[in-house]
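Below is the file coords.cif, which contains mmCIF, C-alpha atoms.
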data_input
loop_
_atom_site.label_atom_id
_atom_site.label_comp_id
_atom_site.auth_asym_id
_atom_site.auth_seq_id
_atom_site.Cartn_x
_atom_site.Cartn_y
_atom_site.Cartn_z
CA MET A 26 96.36 90.61 87.17
CA TRP A 27 99.55 92.60 87.92
CA CYS A 28 100.57 92.71 91.54
CA TYR A 29 103.26 94.89 93.14
CA ARG A 30 105.51 92.72 95.29
CA GLY A 31 107.36 95.43 97.13
CA GLY A 32 110.82 96.88 96.70
CA SER A 33 112.02 100.46 96.74
CA ILE A 34 111.70 102.83 93.82
CA SER A 35 115.05 104.48 93.17
CA ALA A 36 115.14 108.26 93.30
CA GLU A 37 118.47 108.32 91.46
CA PRO A 38 118.38 109.82 87.96
CA ARG A 39 119.13 107.58 85.00
CA ILE A 40 122.63 108.00 83.61
CA ASN A 41 124.49 106.88 80.46
CA ASP A 42 123.32 103.47 79.20
CA ARG A 43 120.35 103.42 81.60
CA ILE A 44 118.64 106.12 79.55
CA ARG A 45 116.19 104.37 77.18
CA VAL A 46 114.81 106.99 74.78
CA PRO A 47 115.55 107.60 71.11
CA GLU A 48 116.51 111.27 71.54
CA VAL A 49 117.15 113.82 74.30
CA ARG A 50 117.30 117.55 74.77
CA LEU A 51 120.99 117.99 75.61
CA VAL A 52 122.55 120.57 77.92
CA GLY A 53 126.32 121.03 77.73
CA PRO A 54 128.83 120.94 80.63
CA SER A 55 128.66 124.74 81.08
CA GLY A 56 124.86 124.91 80.88
CA GLU A 57 124.71 125.75 77.19
CA GLN A 58 121.77 124.44 75.17
CA VAL A 59 122.94 121.92 72.55
CA GLY A 60 119.44 121.07 71.38
CA ILE A 61 117.59 117.85 70.59
CA VAL A 62 120.03 115.11 69.55
CA PRO A 63 119.84 111.32 69.18
CA LEU A 64 120.74 109.39 72.31
CA ALA A 65 123.72 107.80 70.56
CA LYS A 66 125.11 111.24 69.74
CA ALA A 67 124.64 112.41 73.32
CA LEU A 68 126.50 109.36 74.66
CA GLU A 69 129.26 109.95 72.14
CA LEU A 70 129.66 113.55 73.35
CA ALA A 71 129.72 112.33 76.96
CA GLN A 72 132.63 110.00 76.16
CA GLU A 73 134.38 112.77 74.26
CA TYR A 74 134.18 115.14 77.26
CA ASP A 75 134.92 112.27 79.71
CA LEU A 76 131.66 113.05 81.52
CA ASP A 77 128.36 111.34 82.30
CA LEU A 78 125.06 111.81 80.52
CA VAL A 79 122.55 112.47 83.31
CA GLU A 80 118.78 112.65 82.88
CA VAL A 81 117.75 115.78 84.81
CA ALA A 82 114.11 116.11 83.65
CA ALA A 83 112.64 112.69 82.89
CA THR A 84 109.05 113.93 82.43
CA ALA A 85 109.93 116.39 79.66
CA ARG A 86 109.34 115.43 76.04
CA PRO A 87 111.99 114.65 75.02
CA PRO A 88 113.77 114.15 78.38
CA VAL A 89 116.38 116.74 79.31
CA CYS A 90 119.87 115.38 79.84
CA LYS A 91 123.04 117.15 80.92
CA LEU A 92 126.73 116.38 80.55
CA MET A 93 128.34 116.39 84.00
CA ASP A 94 130.66 114.58 86.40
CA TYR A 95 127.96 112.63 88.22
CA GLY A 96 130.22 111.50 91.08
CA LYS A 97 131.25 115.08 91.83
CA PHE A 98 127.62 116.20 91.52
CA LYS A 99 126.46 113.62 94.09
CA TYR A 100 129.24 114.58 96.50
CA GLU A 101 128.44 118.31 96.31
CA SER A 102 124.71 117.61 96.72
CA ALA A 103 125.38 115.51 99.82
CA MET A 104 127.57 118.24 101.32
CA LYS A 105 124.90 120.88 100.68
CA ALA A 106 122.23 118.70 102.29
CA ARG A 107 124.48 118.08 105.29
CA GLU A 108 125.13 121.81 105.72
CA ALA A 109 121.41 122.52 105.44
CA ARG A 110 120.64 119.98 108.19
CA LYS A 111 123.40 121.46 110.34
CA ASN A 112 121.94 124.95 110.09
CA GLN A 113 118.34 123.80 110.40
CA ALA A 114 116.69 125.27 113.47
CA HIS A 115 113.94 123.36 115.29
CA THR A 116 111.49 125.47 117.27
CA VAL A 117 111.61 124.31 120.87
CA ILE A 118 109.29 125.50 123.64
CA LYS A 119 110.81 125.18 127.10
CA GLU A 120 108.60 125.31 130.20
CA MET A 121 109.26 126.95 133.53
CA LYS A 122 106.85 126.56 136.48
CA LEU A 123 106.59 129.06 139.33
CA ARG A 124 104.44 129.57 142.42
CA PRO A 125 102.69 132.91 143.13
CA LYS A 126 104.57 133.34 146.43
CA ILE A 127 107.95 132.15 145.19
CA ASP A 128 111.04 132.69 147.35
CA PRO A 129 113.40 135.45 146.04
CA HIS A 130 116.30 133.00 145.71
CA ASP A 131 114.15 130.50 143.80
CA TYR A 132 112.91 133.31 141.57
CA ASP A 133 116.49 134.27 140.66
CA THR A 134 117.27 130.63 139.86
CA LYS A 135 114.18 130.24 137.66
CA LYS A 136 114.90 133.55 135.94
CA GLY A 137 118.44 132.34 135.19
CA HIS A 138 117.00 129.30 133.39
CA VAL A 139 114.64 131.53 131.38
CA VAL A 140 117.58 133.75 130.38
CA ARG A 141 119.55 130.70 129.23
CA PHE A 142 116.63 129.41 127.15
CA LEU A 143 116.06 132.78 125.48
CA LYS A 144 119.77 133.18 124.72
CA ALA A 145 119.65 129.78 122.98
CA GLY A 146 116.82 131.05 120.77
CA ASP A 147 114.08 128.95 122.37
CA LYS A 148 110.60 130.02 123.38
CA VAL A 149 109.69 129.73 127.06
CA LYS A 150 106.26 128.84 128.45
CA ILE A 151 105.90 130.29 131.94
CA THR A 152 103.31 128.58 134.14
CA ILE A 153 102.12 129.99 137.46
CA MET A 154 100.61 127.20 139.58
CA PHE A 155 97.87 128.21 142.05
CA ARG A 156 96.91 126.06 145.02
CA GLY A 157 94.06 126.32 147.50
CA ARG A 158 93.14 129.91 148.34
CA GLU A 159 95.75 131.22 145.90
CA GLN A 160 93.22 130.62 143.12
CA SER A 161 91.22 133.60 144.42
CA ARG A 162 94.25 135.88 143.94
CA PRO A 163 95.08 135.67 140.20
CA GLU A 164 96.60 139.17 140.35
CA LEU A 165 99.57 137.68 142.23
CA GLY A 166 100.41 135.46 139.27
CA PHE A 167 99.81 138.25 136.77
CA ARG A 168 102.20 140.60 138.60
CA LEU A 169 104.84 137.87 138.82
CA LEU A 170 104.62 137.21 135.09
CA GLN A 171 104.88 140.91 134.31
CA ARG A 172 107.92 141.19 136.58
CA LEU A 173 109.64 138.27 134.89
CA ALA A 174 108.90 139.65 131.42
CA SER A 175 110.35 143.00 132.47
CA ASP A 176 113.50 141.38 133.89
CA VAL A 177 114.27 139.56 130.60
CA GLU A 178 112.98 142.17 128.13
CA ASP A 179 116.49 142.55 126.63
CA LEU A 180 116.42 138.91 125.53
CA GLY A 181 112.75 138.18 124.84
CA PHE A 182 109.27 139.58 124.42
CA ILE A 183 105.76 138.52 125.44
CA GLU A 184 104.53 136.37 122.57
CA SER A 185 101.37 135.22 124.35
CA ASN A 186 99.86 137.41 127.07
CA PRO A 187 99.08 135.89 130.49
CA LYS A 188 95.84 133.94 130.54
CA GLN A 189 94.09 131.74 133.08
CA ASP A 190 94.01 128.02 132.30
CA GLY A 191 92.21 126.18 135.11
CA ARG A 192 94.42 126.37 138.20
CA ASN A 193 97.32 127.76 136.20
CA MET A 194 98.19 131.04 134.53
CA ILE A 195 100.28 130.80 131.37
CA MET A 196 102.45 133.24 129.42
CA VAL A 197 104.79 132.54 126.49
CA LEU A 198 108.02 134.47 125.95
CA GLY A 199 109.67 134.57 122.53
CA PRO A 200 113.40 135.28 121.93
CA HIS A 201 114.57 138.38 120.09
CA LYS A 202 117.26 136.30 118.36
CA LYS A 203 116.42 133.62 115.84
CA LYS A 204 117.42 130.06 116.61
CA THR A 205 119.91 130.03 113.71
CA GLU A 206 121.62 133.18 115.01
CA ALA A 207 121.88 131.72 118.52
CA MET A 208 123.32 128.48 117.13
CA ALA A 209 125.88 130.40 115.07
CA GLU A 210 126.96 132.43 118.11
CA ALA A 211 127.22 129.26 120.20
CA ARG A 212 129.46 127.64 117.56
CA GLU A 213 131.67 130.74 117.42
CA ALA A 214 131.99 130.79 121.20
CA GLN A 215 132.85 127.09 121.24
CA GLU A 216 135.54 127.58 118.58
CA ALA A 217 136.96 130.51 120.54
CA ARG A 218 137.16 128.37 123.70
CA LYS A 219 138.93 125.61 121.79
CA ALA A 220 141.44 128.12 120.42
CA GLU A 221 142.11 129.43 123.93
CA GLN A 222 142.61 125.90 125.26
CA LYS A 223 145.11 125.15 122.50
CA ALA A 224 147.02 128.33 123.29
CA LEU A 225 147.15 127.74 127.07
CA PRO A 226 149.81 124.93 127.14
CA THR A 227 152.24 126.97 125.03
CA HIS A 228 151.74 130.01 127.23
CA GLY A 229 152.21 127.88 130.31
CA ARG A 230 155.52 126.48 129.05
CA THR A 231 156.75 129.97 128.16
CA GLN A 232 155.76 131.30 131.56
CA ARG A 233 157.51 128.43 133.35
CA ALA A 234 160.68 129.00 131.31
CA SER A 235 160.63 132.70 132.26
CA ASP A 236 160.14 131.83 135.94
CA ASP A 237 163.04 129.35 135.85
CA ALA A 238 165.32 131.93 134.27
CA ALA A 239 164.34 134.48 136.90
CA GLU A 240 165.05 132.00 139.68
CA SER A 241 168.49 131.22 138.21
CA GLU A 242 169.40 134.91 138.10
CA SER A 243 168.24 135.44 141.66
CA GLU A 244 170.33 132.48 142.90
CA ALA A 245 173.61 133.63 141.28
CA PRO A 246 174.29 136.65 143.59
CA ALA A 247 173.46 134.52 146.62
CA GLU A 248 176.32 132.11 145.82
CA ALA A 249 178.79 135.01 145.47
CA THR A 250 177.87 136.43 148.88
CA ASP A 251 178.27 132.99 150.47
CA GLU A 252 181.90 132.79 149.24
CA ALA A 253 182.86 136.17 150.73
CA PRO A 254 182.74 135.10 154.42
CA ALA A 255 184.85 132.03 153.59
CA GLU A 256 187.65 134.22 152.13
CA GLU A 257 187.56 136.49 155.19
CA ALA A 258 187.86 133.49 157.53
CA THR A 259 190.97 132.27 155.62
CA ALA A 260 192.59 135.70 155.87
CA GLU A 261 191.98 135.88 159.63
CA ALA A 262 193.48 132.40 160.14
CA SER A 263 196.65 133.45 158.26
CA ALA A 264 196.99 136.58 160.36
CA GLU A 265 196.77 134.64 163.64
CA ALA A 266 199.40 132.19 162.41
#
Encoded form (structure tokens):
Amino acid sequence: MWCYRGGSISAEPRINDRIRVPEVRLVGPSGEQVGIVPLAKALELAQEYDLDLVEVAATARPPVCKLMDYGKFKYESAMKAREARKNQAHTVIKEMKLRPKIDPHDYDTKKGHVVRFLKAGDKVKITIMFRGREQSRPELGFRLLQRLASDVEDLGFIESNPKQDGRNMIMVLGPHKKKTEAMAEAREAQEARKAEQKALPTHGRTQRASDDAAESESEAPAEATDEAPAEEATAEASAEA
């Protein structure tokens, strides 16, 4: 009885001499259809064009093969996959907890965090925590949630209306901007900051040079005025003699 003993199955396509079929449906370097040709002929054309014969559709009958630079193809595919991962946006739900009778300063601090989350393209789950007798006053939490939603309406909207969940009241805010847009803006801002930092040393050196020149000019007249009293003193001494 046959038994599989492990090992990975390669996802790489078969190329050149690894292709084991009598004939293939050949696609040229520019995407033109050559037609069904013997494998030997396809390999001969690959050598003639200095390219690889790559099996692109192994399940077709006969298999479809294309003439291409396989090394260049792999490199471009890897770069595309890397760019796709870079731009991939993961949905993140941040959470912010408040009390019904929150202090105004604490409210401003919490609101600042919510603003930062929404600007980053993340959803925010707002939780109002009730304790003791506060549970009999759910309208306090509802009004607080409505106030917060109104304060950040330029950045987000109410995705899930306030609802009671045991001792808590929960509301979810969604950002107006998509995560990908927020990430793109953040990258642009970071690049702009780097450009400014690179420009600062040059500007600083130029400014210092201008200040030094100004100081030199301001010192020159001072030396001339210092010499004048000395000449007058010499003239007076000659007159007395």
Determine, counting all atoms listed in the file, which protein, DNA and RNA residues have an atom within 12 Å of an atom of range 140-147 of chain A; residues of the same chain fewer than 4 positions away are not included. Present the result as an mmCIF file with C-alpha atoms, keeping the file's coordinate frame.
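Output saved as out-v4.cif:
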data_model
loop_
_atom_site.group_PDB
_atom_site.id
_atom_site.type_symbol
_atom_site.label_atom_id
_atom_site.label_comp_id
_atom_site.auth_asym_id
_atom_site.auth_seq_id
_atom_site.Cartn_x
_atom_site.Cartn_y
_atom_site.Cartn_z
ATOM 1 C CA ALA A 114 116.690 125.270 113.470
ATOM 2 C CA HIS A 115 113.940 123.360 115.290
ATOM 3 C CA THR A 116 111.490 125.470 117.270
ATOM 4 C CA VAL A 117 111.610 124.310 120.870
ATOM 5 C CA ILE A 118 109.290 125.500 123.640
ATOM 6 C CA LYS A 119 110.810 125.180 127.100
ATOM 7 C CA GLU A 120 108.600 125.310 130.200
ATOM 8 C CA MET A 121 109.260 126.950 133.530
ATOM 9 C CA ASP A 133 116.490 134.270 140.660
ATOM 10 C CA THR A 134 117.270 130.630 139.860
ATOM 11 C CA LYS A 135 114.180 130.240 137.660
ATOM 12 C CA LYS A 136 114.900 133.550 135.940
ATOM 13 C CA ILE A 151 105.900 130.290 131.940
ATOM 14 C CA LEU A 173 109.640 138.270 134.890
ATOM 15 C CA ALA A 174 108.900 139.650 131.420
ATOM 16 C CA SER A 175 110.350 143.000 132.470
ATOM 17 C CA ASP A 176 113.500 141.380 133.890
ATOM 18 C CA VAL A 177 114.270 139.560 130.600
ATOM 19 C CA GLU A 178 112.980 142.170 128.130
ATOM 20 C CA ASP A 179 116.490 142.550 126.630
ATOM 21 C CA LEU A 180 116.420 138.910 125.530
ATOM 22 C CA GLY A 181 112.750 138.180 124.840
ATOM 23 C CA PHE A 182 109.270 139.580 124.420
ATOM 24 C CA ILE A 183 105.760 138.520 125.440
ATOM 25 C CA VAL A 197 104.790 132.540 126.490
ATOM 26 C CA LEU A 198 108.020 134.470 125.950
ATOM 27 C CA GLY A 199 109.670 134.570 122.530
ATOM 28 C CA PRO A 200 113.400 135.280 121.930
ATOM 29 C CA HIS A 201 114.570 138.380 120.090
ATOM 30 C CA LYS A 202 117.260 136.300 118.360
ATOM 31 C CA LYS A 203 116.420 133.620 115.840
ATOM 32 C CA LYS A 204 117.420 130.060 116.610
ATOM 33 C CA THR A 205 119.910 130.030 113.710
ATOM 34 C CA GLU A 206 121.620 133.180 115.010
ATOM 35 C CA ALA A 207 121.880 131.720 118.520
ATOM 36 C CA MET A 208 123.320 128.480 117.130
ATOM 37 C CA ALA A 209 125.880 130.400 115.070
ATOM 38 C CA GLU A 210 126.960 132.430 118.110
ATOM 39 C CA ALA A 211 127.220 129.260 120.200
ATOM 40 C CA ARG A 212 129.460 127.640 117.560
#
Identify, on the basis of all atoms listed in the file, every residue whose closest approach to range 49-61 of chain A does not exceed 12 Å; exclude the query and any residue fewer than 2 positions from it along the same chain; express the result as an NGL selection string. :A and (41 or 44-47 or 63-68 or 70-71 or 73-95 or 98)
Range 154-157 of chain A: which residues within 10 Å, counting all atoms listed in the file, same-chain residues fewer than 6 positions away excluded, as an MDAnalysis selection string? chainID A and resid 122:126 163 165:166 190:195
Kindly give the distance, in Å, that separates CA of Ile153 in chain A and CA of Pro129 in chain A, rounded to a single decimal.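 Between CA of Ile153 in chain A and CA of Pro129 in chain A the gap is 15.2 Å.
When CA of Gln189 in chain A is paired with CA of Asp131 in chain A, their separation reads 22.8 Å.
Our summary of the geometry notes that CA of Lys219 in chain A is positioned 24.5 Å from CA of Met104 in chain A.
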Centre and edges of the range 75-92 of chain A box, axis-aligned, 4 Å extra per side, as lines of an AutoDock Vina configuration file:
center_x = 122.0
center_y = 114.2
center_z = 79.9
size_x = 33.9
size_y = 13.8
size_z = 17.8
